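As stored in structure.pdb (PDB, C-alpha atoms):
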```pdb
ATOM      1  CA  MET A  23     -64.284-164.169 -18.740  1.00  0.00           C
ATOM      2  CA  GLY A  24     -67.196-162.453 -20.483  1.00  0.00           C
ATOM      3  CA  ARG A  25     -68.574-163.074 -23.901  1.00  0.00           C
ATOM      4  CA  GLY A  26     -67.014-161.213 -26.746  1.00  0.00           C
ATOM      5  CA  LYS A  27     -68.860-158.743 -28.903  1.00  0.00           C
ATOM      6  CA  ILE A  28     -70.634-160.417 -31.844  1.00  0.00           C
ATOM      7  CA  VAL A  29     -70.073-158.829 -35.190  1.00  0.00           C
ATOM      8  CA  ILE A  30     -73.351-158.261 -37.015  1.00  0.00           C
ATOM      9  CA  ARG A  31     -72.780-159.641 -40.476  1.00  0.00           C
ATOM     10  CA  ARG A  32     -73.936-162.482 -42.687  1.00  0.00           C
ATOM     11  CA  ILE A  33     -72.887-165.907 -41.404  1.00  0.00           C
ATOM     12  CA  ASP A  34     -71.112-167.775 -44.119  1.00  0.00           C
ATOM     13  CA  ASN A  35     -71.515-171.243 -42.634  1.00  0.00           C
ATOM     14  CA  SER A  36     -74.982-172.476 -43.667  1.00  0.00           C
ATOM     15  CA  THR A  37     -75.344-174.738 -40.631  1.00  0.00           C
ATOM     16  CA  SER A  38     -74.450-171.992 -38.186  1.00  0.00           C
ATOM     17  CA  ARG A  39     -76.680-169.588 -40.100  1.00  0.00           C
ATOM     18  CA  GLN A  40     -79.637-171.950 -39.828  1.00  0.00           C
ATOM     19  CA  VAL A  41     -79.098-172.525 -36.105  1.00  0.00           C
ATOM     20  CA  THR A  42     -78.826-168.795 -35.458  1.00  0.00           C
ATOM     21  CA  PHE A  43     -81.979-168.126 -37.504  1.00  0.00           C
ATOM     22  CA  SER A  44     -83.957-170.700 -35.554  1.00  0.00           C
ATOM     23  CA  LYS A  45     -82.824-169.365 -32.161  1.00  0.00           C
ATOM     24  CA  ARG A  46     -83.340-165.698 -32.941  1.00  0.00           C
ATOM     25  CA  ARG A  47     -86.684-166.388 -34.706  1.00  0.00           C
ATOM     26  CA  ASN A  48     -88.054-168.147 -31.650  1.00  0.00           C
ATOM     27  CA  GLY A  49     -86.770-165.374 -29.406  1.00  0.00           C
ATOM     28  CA  LEU A  50     -88.368-162.675 -31.582  1.00  0.00           C
ATOM     29  CA  LEU A  51     -91.764-164.407 -31.667  1.00  0.00           C
ATOM     30  CA  LYS A  52     -91.585-164.920 -27.908  1.00  0.00           C
ATOM     31  CA  LYS A  53     -90.817-161.225 -27.338  1.00  0.00           C
ATOM     32  CA  ALA A  54     -93.675-160.218 -29.638  1.00  0.00           C
ATOM     33  CA  LYS A  55     -96.133-162.417 -27.705  1.00  0.00           C
ATOM     34  CA  GLU A  56     -94.914-161.016 -24.376  1.00  0.00           C
ATOM     35  CA  LEU A  57     -95.251-157.451 -25.692  1.00  0.00           C
ATOM     36  CA  ALA A  58     -98.858-158.060 -26.763  1.00  0.00           C
ATOM     37  CA  ILE A  59     -99.797-159.581 -23.410  1.00  0.00           C
ATOM     38  CA  LEU A  60     -97.933-157.189 -21.103  1.00  0.00           C
ATOM     39  CA  CYS A  61     -98.712-153.945 -22.897  1.00  0.00           C
ATOM     40  CA  ASP A  62    -102.107-154.813 -24.465  1.00  0.00           C
ATOM     41  CA  ALA A  63    -100.693-153.981 -27.888  1.00  0.00           C
ATOM     42  CA  GLU A  64    -101.744-155.255 -31.284  1.00  0.00           C
ATOM     43  CA  VAL A  65     -98.644-156.976 -32.625  1.00  0.00           C
ATOM     44  CA  GLY A  66     -97.990-158.665 -35.926  1.00  0.00           C
ATOM     45  CA  VAL A  67     -94.735-160.282 -36.967  1.00  0.00           C
ATOM     46  CA  MET A  68     -93.926-161.954 -40.306  1.00  0.00           C
ATOM     47  CA  ILE A  69     -90.646-163.734 -40.985  1.00  0.00           C
ATOM     48  CA  PHE A  70     -89.511-165.348 -44.255  1.00  0.00           C
ATOM     49  CA  SER A  71     -86.490-167.647 -44.147  1.00  0.00           C
ATOM     50  CA  SER A  72     -83.834-167.774 -46.850  1.00  0.00           C
ATOM     51  CA  THR A  73     -85.669-170.752 -48.306  1.00  0.00           C
ATOM     52  CA  GLY A  74     -88.939-168.772 -48.520  1.00  0.00           C
ATOM     53  CA  LYS A  75     -90.710-170.396 -45.546  1.00  0.00           C
ATOM     54  CA  LEU A  76     -93.113-168.133 -43.622  1.00  0.00           C
ATOM     55  CA  TYR A  77     -93.205-167.739 -39.838  1.00  0.00           C
ATOM     56  CA  ASP A  78     -95.692-165.294 -38.351  1.00  0.00           C
ATOM     57  CA  PHE A  79     -97.414-164.194 -35.155  1.00  0.00           C
ATOM     58  CA  ALA A  80    -100.419-161.910 -34.622  1.00  0.00           C
ATOM     59  CA  SER A  81    -102.055-160.943 -31.360  1.00  0.00           C
ATOM     60  CA  THR A  82    -105.478-160.739 -33.058  1.00  0.00           C
ATOM     61  CA  SER A  83    -105.302-161.798 -36.710  1.00  0.00           C
ATOM     62  CA  MET A  84    -102.740-161.069 -39.379  1.00  0.00           C
ATOM     63  CA  ARG A  85    -105.438-159.712 -41.727  1.00  0.00           C
ATOM     64  CA  SER A  86    -106.622-157.247 -39.090  1.00  0.00           C
ATOM     65  CA  VAL A  87    -103.062-156.112 -38.390  1.00  0.00           C
ATOM     66  CA  ILE A  88    -102.304-155.587 -42.102  1.00  0.00           C
ATOM     67  CA  ASP A  89    -105.572-153.690 -42.741  1.00  0.00           C
ATOM     68  CA  ARG A  90    -104.928-151.464 -39.770  1.00  0.00           C
ATOM     69  CA  TYR A  91    -101.374-150.861 -40.949  1.00  0.00           C
ATOM     70  CA  ASN A  92    -102.464-149.902 -44.475  1.00  0.00           C
ATOM     71  CA  LYS A  93    -105.250-147.628 -43.195  1.00  0.00           C
ATOM     72  CA  THR A  94    -102.941-145.860 -40.748  1.00  0.00           C
ATOM     73  CA  LYS A  95    -100.253-145.432 -43.393  1.00  0.00           C
ATOM     74  CA  GLU A  96    -102.751-143.933 -45.847  1.00  0.00           C
ATOM     75  CA  GLU A  97    -104.068-141.528 -43.221  1.00  0.00           C
ATOM     76  CA  HIS A  98    -100.564-140.299 -42.550  1.00  0.00           C
ATOM     77  CA  GLN A  99     -99.915-139.866 -46.264  1.00  0.00           C
ATOM     78  CA  LEU A 100    -103.121-137.837 -46.878  1.00  0.00           C
ATOM     79  CA  GLY A 101    -101.418-134.740 -45.538  1.00  0.00           C
ATOM     80  CA  SER A 102     -99.906-133.953 -48.926  1.00  0.00           C
ATOM     81  CA  PRO A 103    -102.172-133.052 -51.902  1.00  0.00           C
ATOM     82  CA  THR A 104    -100.400-135.499 -54.182  1.00  0.00           C
ATOM     83  CA  SER A 105    -100.998-138.406 -51.830  1.00  0.00           C
ATOM     84  CA  GLU A 106    -104.671-137.446 -51.412  1.00  0.00           C
ATOM     85  CA  ILE A 107    -105.205-137.336 -55.192  1.00  0.00           C
ATOM     86  CA  LYS A 108    -103.561-140.707 -55.598  1.00  0.00           C
ATOM     87  CA  PHE A 109    -105.697-142.130 -52.792  1.00  0.00           C
ATOM     88  CA  TRP A 110    -108.981-141.021 -54.397  1.00  0.00           C
ATOM     89  CA  GLN A 111    -107.808-142.131 -57.827  1.00  0.00           C
ATOM     90  CA  ARG A 112    -107.126-145.557 -56.400  1.00  0.00           C
ATOM     91  CA  GLU A 113    -110.538-145.644 -54.701  1.00  0.00           C
ATOM     92  CA  ALA A 114    -112.256-144.612 -57.932  1.00  0.00           C
ATOM     93  CA  ALA A 115    -110.406-147.316 -59.852  1.00  0.00           C
ATOM     94  CA  ILE A 116    -111.463-149.938 -57.279  1.00  0.00           C
ATOM     95  CA  LEU A 117    -115.103-148.854 -57.428  1.00  0.00           C
ATOM     96  CA  SER A 118    -115.031-148.798 -61.227  1.00  0.00           C
ATOM     97  CA  GLN A 119    -113.643-152.320 -61.305  1.00  0.00           C
ATOM     98  CA  GLN A 120    -116.317-153.519 -58.874  1.00  0.00           C
ATOM     99  CA  LEU A 121    -119.036-151.933 -61.000  1.00  0.00           C
ATOM    100  CA  GLN A 122    -117.660-153.576 -64.121  1.00  0.00           C
ATOM    101  CA  ASN A 123    -117.600-156.962 -62.397  1.00  0.00           C
ATOM    102  CA  LEU A 124    -121.194-156.546 -61.226  1.00  0.00           C
ATOM    103  CA  GLN A 125    -122.365-155.588 -64.703  1.00  0.00           C
ATOM    104  CA  GLU A 126    -120.587-158.584 -66.195  1.00  0.00           C
ATOM    105  CA  ASN A 127    -122.132-160.932 -63.636  1.00  0.00           C
ATOM    106  CA  HIS A 128    -125.551-159.443 -64.346  1.00  0.00           C
ATOM    107  CA  ARG A 129    -125.185-160.003 -68.090  1.00  0.00           C
ATOM    108  CA  GLN A 130    -124.067-163.576 -67.486  1.00  0.00           C
ATOM    109  CA  MET A 131    -127.064-164.129 -65.211  1.00  0.00           C
ATOM    110  CA  MET A 132    -129.240-162.951 -68.085  1.00  0.00           C
ATOM    111  CA  GLY A 133    -127.583-165.486 -70.415  1.00  0.00           C
ATOM    112  CA  GLU A 134    -125.417-162.982 -72.271  1.00  0.00           C
ATOM    113  CA  GLU A 135    -121.672-162.926 -72.970  1.00  0.00           C
ATOM    114  CA  LEU A 136    -121.129-166.597 -72.137  1.00  0.00           C
ATOM    115  CA  SER A 137    -118.637-167.299 -74.906  1.00  0.00           C
ATOM    116  CA  GLY A 138    -115.550-166.717 -72.761  1.00  0.00           C
ATOM    117  CA  LEU A 139    -116.685-169.018 -69.913  1.00  0.00           C
ATOM    118  CA  SER A 140    -115.337-172.510 -69.360  1.00  0.00           C
ATOM    119  CA  VAL A 141    -117.391-175.574 -68.491  1.00  0.00           C
ATOM    120  CA  LYS A 142    -116.627-175.102 -64.796  1.00  0.00           C
ATOM    121  CA  ASP A 143    -117.661-171.448 -64.935  1.00  0.00           C
ATOM    122  CA  LEU A 144    -120.905-172.399 -66.681  1.00  0.00           C
ATOM    123  CA  GLN A 145    -121.597-175.040 -64.031  1.00  0.00           C
ATOM    124  CA  ASN A 146    -121.031-172.478 -61.276  1.00  0.00           C
ATOM    125  CA  LEU A 147    -123.316-170.035 -63.071  1.00  0.00           C
ATOM    126  CA  GLU A 148    -125.973-172.722 -63.420  1.00  0.00           C
ATOM    127  CA  SER A 149    -125.735-173.522 -59.728  1.00  0.00           C
ATOM    128  CA  GLN A 150    -126.141-169.852 -58.842  1.00  0.00           C
ATOM    129  CA  LEU A 151    -129.177-169.554 -61.101  1.00  0.00           C
ATOM    130  CA  GLU A 152    -130.758-172.676 -59.597  1.00  0.00           C
ATOM    131  CA  MET A 153    -130.206-171.310 -56.097  1.00  0.00           C
ATOM    132  CA  SER A 154    -131.717-167.987 -57.140  1.00  0.00           C
ATOM    133  CA  ILE A 155    -134.748-169.694 -58.721  1.00  0.00           C
ATOM    134  CA  ARG A 156    -135.192-171.832 -55.613  1.00  0.00           C
ATOM    135  CA  GLY A 157    -135.136-168.747 -53.421  1.00  0.00           C
ATOM    136  CA  VAL A 158    -137.639-166.947 -55.654  1.00  0.00           C
ATOM    137  CA  ARG A 159    -139.990-169.949 -55.617  1.00  0.00           C
ATOM    138  CA  MET A 160    -139.765-170.265 -51.868  1.00  0.00           C
ATOM    139  CA  LYS A 161    -140.598-166.586 -51.457  1.00  0.00           C
ATOM    140  CA  LYS A 162    -143.504-166.878 -53.903  1.00  0.00           C
ATOM    141  CA  ASP A 163    -144.867-169.967 -52.123  1.00  0.00           C
ATOM    142  CA  GLN A 164    -144.593-168.205 -48.787  1.00  0.00           C
ATOM    143  CA  ILE A 165    -146.524-165.194 -50.077  1.00  0.00           C
ATOM    144  CA  LEU A 166    -149.210-167.459 -51.565  1.00  0.00           C
ATOM    145  CA  MET A 167    -149.522-169.404 -48.303  1.00  0.00           C
ATOM    146  CA  ASP A 168    -149.883-166.162 -46.353  1.00  0.00           C
ATOM    147  CA  GLU A 169    -152.596-164.958 -48.745  1.00  0.00           C
ATOM    148  CA  ILE A 170    -154.428-168.307 -48.498  1.00  0.00           C
ATOM    149  CA  GLN A 171    -154.325-168.172 -44.710  1.00  0.00           C
ATOM    150  CA  GLU A 172    -155.655-164.612 -44.779  1.00  0.00           C
ATOM    151  CA  LEU A 173    -158.488-165.627 -47.123  1.00  0.00           C
ATOM    152  CA  ASN A 174    -159.336-168.599 -44.889  1.00  0.00           C
ATOM    153  CA  ARG A 175    -159.430-166.314 -41.877  1.00  0.00           C
ATOM    154  CA  LYS A 176    -161.754-163.886 -43.664  1.00  0.00           C
ATOM    155  CA  GLY A 177    -163.908-166.807 -44.845  1.00  0.00           C
ATOM    156  CA  ASN A 178    -164.241-168.062 -41.267  1.00  0.00           C
ATOM    157  CA  LEU A 179    -165.253-164.595 -40.105  1.00  0.00           C
ATOM    158  CA  ILE A 180    -167.869-164.335 -42.876  1.00  0.00           C
ATOM    159  CA  HIS A 181    -169.165-167.810 -41.994  1.00  0.00           C
ATOM    160  CA  GLN A 182    -169.533-166.825 -38.336  1.00  0.00           C
ATOM    161  CA  GLU A 183    -171.363-163.641 -39.353  1.00  0.00           C
ATOM    162  CA  ASN A 184    -173.697-165.697 -41.570  1.00  0.00           C
ATOM    163  CA  VAL A 185    -174.422-168.068 -38.680  1.00  0.00           C
ATOM    164  CA  GLU A 186    -175.241-165.124 -36.409  1.00  0.00           C
ATOM    165  CA  LEU A 187    -177.502-163.595 -39.070  1.00  0.00           C
ATOM    166  CA  TYR A 188    -179.231-166.955 -39.583  1.00  0.00           C
ATOM    167  CA  LYS A 189    -179.934-167.167 -35.840  1.00  0.00           C
ATOM    168  CA  LYS A 190    -181.352-163.629 -35.825  1.00  0.00           C
ATOM    169  CA  VAL A 191    -183.552-164.405 -38.841  1.00  0.00           C
ATOM    170  CA  ASN A 192    -184.903-167.544 -37.124  1.00  0.00           C
ATOM    171  CA  LEU A 193    -185.574-165.554 -33.957  1.00  0.00           C
ATOM    172  CA  ILE A 194    -187.445-162.879 -35.908  1.00  0.00           C
ATOM    173  CA  ARG A 195    -189.402-165.598 -37.740  1.00  0.00           C
ATOM    174  CA  GLN A 196    -190.413-167.199 -34.437  1.00  0.00           C
ATOM    175  CA  GLU A 197    -191.506-163.812 -33.081  1.00  0.00           C
ATOM    176  CA  ASN A 198    -193.575-163.232 -36.228  1.00  0.00           C
ATOM    177  CA  MET A 199    -195.206-166.652 -35.804  1.00  0.00           C
ATOM    178  CA  GLU A 200    -196.088-165.836 -32.202  1.00  0.00           C
ATOM    179  CA  LEU A 201    -197.556-162.502 -33.247  1.00  0.00           C
ATOM    180  CA  TYR A 202    -199.522-164.197 -36.045  1.00  0.00           C
ATOM    181  CA  LYS A 203    -200.938-166.773 -33.603  1.00  0.00           C
ATOM    182  CA  LYS A 204    -201.941-164.051 -31.156  1.00  0.00           C
ATOM    183  CA  LYS A 205    -203.551-162.052 -33.939  1.00  0.00           C
ATOM    184  CA  SER A 206    -205.489-165.099 -35.182  1.00  0.00           C
ATOM    185  CA  PHE A 207    -206.681-165.901 -31.664  1.00  0.00           C
ATOM    186  CA  ALA A 208    -207.798-162.306 -31.119  1.00  0.00           C
ATOM    187  CA  SER A 209    -209.622-162.304 -34.438  1.00  0.00           C
ATOM    188  CA  GLN A 210    -211.468-165.494 -33.464  1.00  0.00           C
ATOM    189  CA  VAL A 211    -212.429-164.061 -30.067  1.00  0.00           C
ATOM    190  CA  TYR A 212    -213.705-160.806 -31.528  1.00  0.00           C
ATOM    191  CA  GLY A 213    -215.518-162.739 -34.292  1.00  0.00           C
ATOM    192  CA  MET A 214    -217.432-164.820 -31.732  1.00  0.00           C
ATOM    193  CA  ARG A 215    -218.443-161.667 -29.865  1.00  0.00           C
ATOM    194  CA  ASP A 216    -219.759-160.123 -33.068  1.00  0.00           C
ATOM    195  CA  VAL A 217    -221.781-163.294 -33.799  1.00  0.00           C
ATOM    196  CA  ASN A 218    -223.306-163.260 -30.297  1.00  0.00           C
ATOM    197  CA  ASP A 219    -224.183-159.585 -30.608  1.00  0.00           C
ATOM    198  CA  ALA A 220    -225.809-160.248 -33.972  1.00  0.00           C
ATOM    199  CA  ASN A 221    -227.815-163.129 -32.503  1.00  0.00           C
ATOM    200  CA  LYS A 222    -229.007-160.951 -29.667  1.00  0.00           C
ATOM    201  CA  ASP A 223    -230.057-158.204 -32.081  1.00  0.00           C
ATOM    202  CA  SER A 224    -231.964-160.715 -34.242  1.00  0.00           C
ATOM    203  CA  LEU A 225    -233.787-162.125 -31.177  1.00  0.00           C
ATOM    204  CA  LEU A 226    -234.850-158.676 -30.034  1.00  0.00           C
ATOM    205  CA  THR A 227    -235.993-157.782 -33.521  1.00  0.00           C
ATOM    206  CA  ASN A 228    -237.984-160.993 -33.830  1.00  0.00           C
ATOM    207  CA  GLY A 229    -239.590-160.448 -30.414  1.00  0.00           C
ATOM    208  CA  LEU A 230    -240.746-156.948 -31.283  1.00  0.00           C
ATOM    209  CA  GLY A 231    -242.111-158.147 -34.633  1.00  0.00           C
ATOM    210  CA  ASN A 232    -244.327-160.695 -32.914  1.00  0.00           C
ATOM    211  CA  GLY A 233    -245.644-158.159 -30.367  1.00  0.00           C
ATOM    212  CA  GLU A 234    -249.079-157.901 -32.091  1.00  0.00           C
ATOM    213  CA  ASP A 235    -249.970-161.286 -30.590  1.00  0.00           C
ATOM    214  CA  SER A 236    -251.865-160.595 -27.320  1.00  0.00           C
ATOM    215  CA  HIS A 237    -250.731-163.904 -25.770  1.00  0.00           C
ATOM    216  CA  VAL A 238    -247.054-162.852 -25.652  1.00  0.00           C
ATOM    217  CA  PRO A 239    -246.297-160.600 -22.673  1.00  0.00           C
ATOM    218  CA  VAL A 240    -244.187-157.579 -23.346  1.00  0.00           C
ATOM    219  CA  HIS A 241    -242.075-156.104 -20.545  1.00  0.00           C
ATOM    220  CA  LEU A 242    -241.225-152.485 -20.922  1.00  0.00           C
ATOM    221  CA  GLN A 243    -238.536-150.723 -18.882  1.00  0.00           C
ATOM    222  CA  LEU A 244    -237.886-147.079 -18.403  1.00  0.00           C
ATOM    223  CA  SER A 245    -234.559-145.819 -19.710  1.00  0.00           C
ATOM    224  CA  GLN A 246    -232.742-142.539 -19.778  1.00  0.00           C
ATOM    225  CA  PRO A 247    -234.209-140.341 -22.509  1.00  0.00           C
ATOM    226  CA  GLN A 248    -231.937-139.822 -25.512  1.00  0.00           C
ATOM    227  CA  GLN A 249    -230.835-136.434 -26.691  1.00  0.00           C
ATOM    228  CA  GLN A 250    -232.278-137.010 -30.154  1.00  0.00           C
ATOM    229  CA  ASN A 251    -235.924-136.166 -30.891  1.00  0.00           C
ATOM    230  CA  TYR A 252    -237.999-138.991 -32.253  1.00  0.00           C
ATOM    231  CA  GLU A 253    -241.688-139.920 -32.360  1.00  0.00           C
ATOM    232  CA  ILE A 254    -243.085-142.874 -30.393  1.00  0.00           C
ATOM    233  CA  PRO A 255    -244.295-145.518 -32.774  1.00  0.00           C
ATOM    234  CA  GLU A 256    -247.969-146.170 -32.820  1.00  0.00           C
ATOM    235  CA  ARG A 257    -247.391-149.916 -32.273  1.00  0.00           C
ATOM    236  CA  ALA A 258    -245.570-149.292 -28.984  1.00  0.00           C
ATOM    237  CA  THR A 259    -248.435-147.076 -27.772  1.00  0.00           C
ATOM    238  CA  LYS A 260    -250.970-149.786 -28.492  1.00  0.00           C
ATOM    239  CA  LEU A 261    -248.820-152.367 -26.641  1.00  0.00           C
ATOM    240  CA  GLY A 262    -248.582-150.052 -23.631  1.00  0.00           C
ATOM    241  CA  ARG A 263    -252.320-149.623 -23.522  1.00  0.00           C
ATOM    242  CA  LEU A 264    -252.931-153.333 -23.749  1.00  0.00           C
ATOM    243  CA  GLN A 265    -250.537-153.974 -20.840  1.00  0.00           C
ATOM    244  CA  LEU A 266    -252.246-151.332 -18.707  1.00  0.00           C
ATOM    245  CA  HIS A 267    -255.725-152.852 -19.252  1.00  0.00           C
TER
END
```

Show me, as structure tokens, the structure contained in the file I just sent.
Amino acid sequence: MGRGKIVIRRIDNSTSRQVTFSKRRNGLLKKAKELAILCDAEVGVMIFSSTGKLYDFASTSMRSVIDRYNKTKEEHQLGSPTSEIKFWQREAAILSQQLQNLQENHRQMMGEELSGLSVKDLQNLESQLEMSIRGVRMKKDQILMDEIQELNRKGNLIHQENVELYKKVNLIRQENMELYKKKSFASQVYGMRDVNDANKDSLLTNGLGNGEDSHVPVHLQLSQPQQQNYEIPERATKLGRLQLH
């Protein structure tokens, strides 16, 4: 004998109603899970009992399912001009409220309009300000450290350049000393030659001055005649005659 047809109506007996709710709830959640797995569908199910208890299932996350539902519903409603106007009015109201909240937070950060805040709100605001100051100080310290490192790097480069220049200056100084020594030595050598030449000239001059003495022999040698015209001194002629006799 088969089962009779169940009449779909509210169950008056609370116990039977609770048992039926539990069975059918579990069956519905099971079917929703199977549908998501078998058909690769995004499924979201929410169930509230008569006592207000929530039972739900979502293949991804309930928030994602609800956002997708609202977005899809709005897109379908944008076909009519009235719905589109309402949509943009709602968006403008949301943006206006966000702007107002940001302006209020900014004024509170600046220490203005604090009269309506409680002690807890002031503590939260103080914590936010301390975190902001800490972040600013950390950024400032980082920038200063980077600048100090850059200055140290430039200082090291300048120091290396100074060392190289100092080596070049020492090398040039040594070369100048060597040139000075060579110049001094050459001056001494040429000075000695000049002294010897002067001595020789003085000896020849002294010898010719004493030529009037007949006891000192005078040796004359023939030389190539000079281009200049000059007269033979009378003393040399007398010496030549004496030598010939």

Checklist entry - Mind pulling up the distance from atom CA of Val67 of chain A to atom CA of Met84 of chain A? => result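 Computing the Euclidean distance for atom CA of Met84 of chain A and atom CA of Val67 of chain A yields 8.4 Å.
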
Next on the checklist: Under the rule that all atoms listed in the file are counted, which of A:Gly66, A:Gly138, A:Ser83, A:Asp78 is the nearest residue to Glu126 of chain A?
Outcome noted: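 Checking each of A:Gly66, A:Gly138, A:Ser83, A:Asp78 against Glu126 of chain A, counting all atoms listed in the file, the winner is A:Gly138.
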
Checklist outcome for this item: Atom pair atom CA of Leu124 of chain A + atom CA of Gln145 of chain A, distance 18.7 Å

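Picked out by the PyMOL selection byres ((chain A and resi 81) around 7) when it runs on this file: Ala58, Glu64, Val65, Gly66, Phe79, Ala80, Thr82 and Ser83 of chain A.
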
Deliver the residues from the most recent selection as a file, using C-alpha atoms, as a PDB file, keeping the file's coordinate frame.
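Saved as part31.pdb:
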```pdb
ATOM      1  CA  ALA A  58     -98.858-158.060 -26.763  1.00  0.00           C
ATOM      2  CA  GLU A  64    -101.744-155.255 -31.284  1.00  0.00           C
ATOM      3  CA  VAL A  65     -98.644-156.976 -32.625  1.00  0.00           C
ATOM      4  CA  GLY A  66     -97.990-158.665 -35.926  1.00  0.00           C
ATOM      5  CA  PHE A  79     -97.414-164.194 -35.155  1.00  0.00           C
ATOM      6  CA  ALA A  80    -100.419-161.910 -34.622  1.00  0.00           C
ATOM      7  CA  THR A  82    -105.478-160.739 -33.058  1.00  0.00           C
ATOM      8  CA  SER A  83    -105.302-161.798 -36.710  1.00  0.00           C
TER       9      SER A  83
END
```

Item to check | Non-local contacts of segment 147-161 of chain A (12 Å; only C-alpha atoms; under 2 positions in same chain excluded) as an MDAnalysis selection string | outcome: chainID A and resid 127:134 136 139:145 163:168

Checklist entry - If you measure from atom CA of Lys95 of chain A to atom CA of Gly49 of chain A, what distance in Å do you get, rounded to one decimal? => result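 That distance, rounded to one decimal, is 27.8 Å.
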